[in-house]
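Below is input29.pdb, which holds PDB, C-alpha atoms, pLDDT in the B column.
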ATOM      1  CA  MET A   1       0.819 -33.472  11.926  1.00 72.00           C
ATOM      2  CA  THR A   2       1.613 -30.015  13.170  1.00 73.00           C
ATOM      3  CA  GLY A   3      -1.579 -29.728  15.214  1.00 70.00           C
ATOM      4  CA  HIS A   4      -0.260 -32.449  17.501  1.00 70.00           C
ATOM      5  CA  TRP A   5       2.401 -30.029  18.734  1.00 67.00           C
ATOM      6  CA  LEU A   6      -0.413 -28.704  20.926  1.00 69.00           C
ATOM      7  CA  LEU A   7      -0.031 -31.905  22.944  1.00 70.00           C
ATOM      8  CA  ARG A   8       3.616 -31.110  23.757  1.00 71.00           C
ATOM      9  CA  ARG A   9       2.873 -29.014  26.815  1.00 65.00           C
ATOM     10  CA  ASP A  10       6.486 -28.843  27.979  1.00 70.00           C
ATOM     11  CA  GLN A  11       7.429 -26.842  24.890  1.00 64.00           C
ATOM     12  CA  THR A  12       4.805 -24.138  25.213  1.00 65.00           C
ATOM     13  CA  ALA A  13       6.219 -20.691  25.931  1.00 70.00           C
ATOM     14  CA  VAL A  14       4.348 -17.536  26.899  1.00 71.00           C
ATOM     15  CA  GLU A  15       6.628 -15.407  24.716  1.00 74.00           C
ATOM     16  CA  ARG A  16       5.552 -17.461  21.683  1.00 75.00           C
ATOM     17  CA  ASN A  17       1.841 -17.438  22.405  1.00 78.00           C
ATOM     18  CA  TRP A  18       0.167 -14.827  20.244  1.00 84.00           C
ATOM     19  CA  THR A  19      -3.423 -13.659  20.198  1.00 85.00           C
ATOM     20  CA  ARG A  20      -2.910 -11.588  17.050  1.00 91.00           C
ATOM     21  CA  VAL A  21      -1.690 -12.849  13.700  1.00 94.00           C
ATOM     22  CA  VAL A  22       0.707  -9.931  13.305  1.00 96.00           C
ATOM     23  CA  GLY A  23       2.766 -11.096  16.309  1.00 94.00           C
ATOM     24  CA  ALA A  24       3.094 -14.623  14.933  1.00 94.00           C
ATOM     25  CA  VAL A  25       4.001 -13.399  11.446  1.00 97.00           C
ATOM     26  CA  THR A  26       6.548 -10.975  12.889  1.00 96.00           C
ATOM     27  CA  TRP A  27       8.194 -13.916  14.668  1.00 95.00           C
ATOM     28  CA  LEU A  28       8.180 -15.993  11.456  1.00 96.00           C
ATOM     29  CA  LYS A  29       9.721 -13.106   9.521  1.00 97.00           C
ATOM     30  CA  SER A  30      12.439 -12.387  12.083  1.00 97.00           C
ATOM     31  CA  THR A  31      13.336 -16.087  12.332  1.00 96.00           C
ATOM     32  CA  TYR A  32      13.530 -16.285   8.527  1.00 97.00           C
ATOM     33  CA  GLU A  33      15.697 -13.170   8.306  1.00 96.00           C
ATOM     34  CA  ALA A  34      18.057 -14.500  10.995  1.00 96.00           C
ATOM     35  CA  ASN A  35      18.375 -17.780   9.048  1.00 95.00           C
ATOM     36  CA  PRO A  36      18.043 -16.913   5.346  1.00 94.00           C
ATOM     37  CA  PRO A  37      17.766 -19.657   2.749  1.00 94.00           C
ATOM     38  CA  ALA A  38      20.760 -20.795   0.743  1.00 92.00           C
ATOM     39  CA  GLU A  39      21.084 -19.591  -2.818  1.00 89.00           C
ATOM     40  CA  ARG A  40      21.593 -22.091  -5.605  1.00 87.00           C
ATOM     41  CA  ASP A  41      24.860 -22.061  -7.526  1.00 87.00           C
ATOM     42  CA  ASP A  42      22.999 -21.737 -10.838  1.00 90.00           C
ATOM     43  CA  GLY A  43      21.135 -18.621  -9.650  1.00 83.00           C
ATOM     44  CA  VAL A  44      17.680 -20.223  -9.862  1.00 85.00           C
ATOM     45  CA  ARG A  45      15.584 -19.432  -6.807  1.00 82.00           C
ATOM     46  CA  ALA A  46      14.744 -22.589  -4.837  1.00 81.00           C
ATOM     47  CA  HIS A  47      12.296 -20.987  -2.420  1.00 84.00           C
ATOM     48  CA  LEU A  48       9.321 -18.652  -2.296  1.00 90.00           C
ATOM     49  CA  ALA A  49       9.910 -14.967  -1.765  1.00 93.00           C
ATOM     50  CA  LEU A  50       9.514 -13.814   1.828  1.00 96.00           C
ATOM     51  CA  GLU A  51       6.666 -11.508   0.806  1.00 97.00           C
ATOM     52  CA  ASP A  52       4.723 -14.479  -0.618  1.00 97.00           C
ATOM     53  CA  LYS A  53       5.295 -16.482   2.571  1.00 97.00           C
ATOM     54  CA  ILE A  54       4.028 -13.577   4.676  1.00 98.00           C
ATOM     55  CA  THR A  55       0.942 -13.151   2.475  1.00 98.00           C
ATOM     56  CA  TYR A  56       0.108 -16.837   2.879  1.00 97.00           C
ATOM     57  CA  ALA A  57       0.651 -16.749   6.652  1.00 97.00           C
ATOM     58  CA  MET A  58      -1.564 -13.670   7.024  1.00 98.00           C
ATOM     59  CA  ASP A  59      -4.323 -15.540   5.166  1.00 97.00           C
ATOM     60  CA  ALA A  60      -3.960 -18.996   6.754  1.00 96.00           C
ATOM     61  CA  LEU A  61      -3.406 -18.238  10.439  1.00 95.00           C
ATOM     62  CA  PRO A  62      -6.689 -16.385  11.074  1.00 94.00           C
ATOM     63  CA  ARG A  63      -8.502 -19.453   9.712  1.00 93.00           C
ATOM     64  CA  GLY A  64      -6.769 -21.757  12.217  1.00 90.00           C
ATOM     65  CA  VAL A  65      -4.414 -23.273   9.638  1.00 92.00           C
ATOM     66  CA  ASP A  66      -0.829 -23.892  10.757  1.00 92.00           C
ATOM     67  CA  VAL A  67       2.105 -22.325   8.925  1.00 95.00           C
ATOM     68  CA  CYS A  68       5.422 -24.163   8.508  1.00 94.00           C
ATOM     69  CA  TRP A  69       8.494 -22.701   6.874  1.00 96.00           C
ATOM     70  CA  VAL A  70      11.384 -25.036   6.028  1.00 95.00           C
ATOM     71  CA  HIS A  71      14.526 -24.434   4.003  1.00 94.00           C
ATOM     72  CA  TYR A  72      18.240 -25.064   3.866  1.00 93.00           C
ATOM     73  CA  THR A  73      20.374 -22.260   5.254  1.00 93.00           C
ATOM     74  CA  LYS A  74      23.610 -20.960   3.762  1.00 90.00           C
ATOM     75  CA  SER A  75      25.524 -23.422   5.969  1.00 92.00           C
ATOM     76  CA  GLN A  76      23.406 -26.231   4.436  1.00 90.00           C
ATOM     77  CA  SER A  77      21.575 -26.877   7.709  1.00 94.00           C
ATOM     78  CA  LEU A  78      17.870 -27.573   7.471  1.00 95.00           C
ATOM     79  CA  ILE A  79      15.744 -25.162   9.487  1.00 95.00           C
ATOM     80  CA  SER A  80      12.084 -25.668  10.234  1.00 93.00           C
ATOM     81  CA  PHE A  81       9.896 -23.277  12.182  1.00 92.00           C
ATOM     82  CA  SER A  82       6.139 -23.271  12.560  1.00 90.00           C
ATOM     83  CA  VAL A  83       3.187 -21.482  14.057  1.00 90.00           C
ATOM     84  CA  VAL A  84       0.579 -23.964  15.263  1.00 86.00           C
ATOM     85  CA  CYS A  85      -2.931 -22.586  15.696  1.00 86.00           C
ATOM     86  CA  CYS A  86      -5.090 -23.127  18.708  1.00 83.00           C
ATOM     87  CA  LEU A  87      -7.905 -23.705  18.148  1.00 80.00           C
ATOM     88  CA  ASN A  88      -6.696 -25.674  15.197  1.00 77.00           C
ATOM     89  CA  HIS A  89      -8.851 -25.966  12.066  1.00 80.00           C
ATOM     90  CA  HIS A  90      -7.709 -29.515  11.310  1.00 82.00           C
ATOM     91  CA  HIS A  91      -7.683 -30.697  14.944  1.00 80.00           C
ATOM     92  CA  PRO A  92     -10.594 -28.876  16.623  1.00 82.00           C
ATOM     93  CA  GLY A  93     -10.707 -31.350  19.517  1.00 83.00           C
ATOM     94  CA  LEU A  94      -7.144 -30.720  20.695  1.00 80.00           C
ATOM     95  CA  PRO A  95      -6.993 -28.436  23.734  1.00 78.00           C
ATOM     96  CA  CYS A  96      -4.843 -25.327  23.852  1.00 79.00           C
ATOM     97  CA  PRO A  97      -1.900 -26.031  26.195  1.00 76.00           C
ATOM     98  CA  LEU A  98      -1.537 -22.372  27.113  1.00 71.00           C
ATOM     99  CA  PRO A  99      -4.781 -20.561  26.338  1.00 66.00           C
ATOM    100  CA  PRO A 100      -4.534 -16.805  25.829  1.00 62.00           C
ATOM    101  CA  THR A 101      -5.461 -14.718  28.847  1.00 59.00           C
TER     102      THR A 101
END
What is this structure when it is put down as structure tokens?
Amino acid sequence: MTGHWLLRRDQTAVERNWTRVVGAVTWLKSTYEANPPAERDDGVRAHLALEDKITYAMDALPRGVDVCWVHYTKSQSLISFSVVCCLNHHHPGLPCPLPPT
């Protein structure tokens, strides 16, 4: 469960601790653009459009719902990147490892 990442204190980084949704979504978008999804040989799209992913993230994150993006890259590597909310809607009892100042 993604909310349990809040318990991994050694992986918390100030530069990835956002107090505004726009900062988190900007990071998601830049990570996606640096690692775009592979295209299928038959031309059928196997992933959501980036705009749809951003729309969902902008809706979910303010409500304390984590956002995870996972896809295969052009080199056929699997990439997974997430924004875990704190306070977390599904795990309200988990403490924030690096509370915003």
### the PyMOL selection byres ((chain A and resi 57) around 10) resolved against shown file, as a ChimeraX atom specification
/A:21-22,24-25,28,51-56,58-62,65-69,83
### Query
Mind telling me what the PyMOL selection byres ((chain A and resi 35) around 10) catches here, as a list in words?
Lys29, Ser30, Thr31, Tyr32, Glu33, Ala34, Pro36, Pro37, Ala38, His71, Tyr72, Thr73, Lys74, Ser75, Ser77, Leu78 and Ile79 of chain A
### Query
Expressed in Å to a single decimal, how great is the separation between atom CA of Leu48 of chain A and atom CA of Gln76 of chain A?
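Those two atoms sit 17.4 Å apart.
Among the candidates A:Ser80, A:Asn88, A:Thr26, A:Asn17, the residue lying nearest to Arg63 of chain A is A:Asn88 (atoms considered: only C-alpha atoms).
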### Spatial neighbours of Gly64 of chain A, max dist 10 Å, all atoms listed in the file, sep filter under 5 positions, as a ChimeraX atom specification
/A:3,59,84-92
Can I get the selection written as a PDB file, keeping the file's coordinate frame, with C-alpha atoms?
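Written out: part.pdb:
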ATOM      1  CA  GLY A   3      -1.579 -29.728  15.214  1.00 70.00           C
ATOM      2  CA  ASP A  59      -4.323 -15.540   5.166  1.00 97.00           C
ATOM      3  CA  VAL A  84       0.579 -23.964  15.263  1.00 86.00           C
ATOM      4  CA  CYS A  85      -2.931 -22.586  15.696  1.00 86.00           C
ATOM      5  CA  CYS A  86      -5.090 -23.127  18.708  1.00 83.00           C
ATOM      6  CA  LEU A  87      -7.905 -23.705  18.148  1.00 80.00           C
ATOM      7  CA  ASN A  88      -6.696 -25.674  15.197  1.00 77.00           C
ATOM      8  CA  HIS A  89      -8.851 -25.966  12.066  1.00 80.00           C
ATOM      9  CA  HIS A  90      -7.709 -29.515  11.310  1.00 82.00           C
ATOM     10  CA  HIS A  91      -7.683 -30.697  14.944  1.00 80.00           C
ATOM     11  CA  PRO A  92     -10.594 -28.876  16.623  1.00 82.00           C
TER      12      PRO A  92
END
How big is the axis-aligned box, and where does its centre sit, when it encloses all atoms of segment 81-89 of chain A listed in the file and has 4 Å added on every side, reported in Å to one decimal as AutoDock Vina command-line options?
--center_x 0.5 --center_y -23.7 --center_z 15.4 --size_x 26.7 --size_y 12.5 --size_z 14.6
#### Entry: Between atom CA of Gly93 of chain A and atom CA of Met1 of chain A, distance in Å (one decimal)
14.0 Å
### Message
I'd like the interatomic distance between atom CA of Glu15 of chain A and atom CA of Ala49 of chain A, to a tenth of an Å.
### Response
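Between atom CA of Glu15 of chain A and atom CA of Ala49 of chain A the gap is 26.7 Å.
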### Query
Smallest atom-to-atom distance to Arg8 of chain A: which of A:Leu50, A:Val70, A:Val44, A:Cys96, using all atoms listed in the file?
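Distance minimum relative to Arg8 of chain A lands on A:Cys96.
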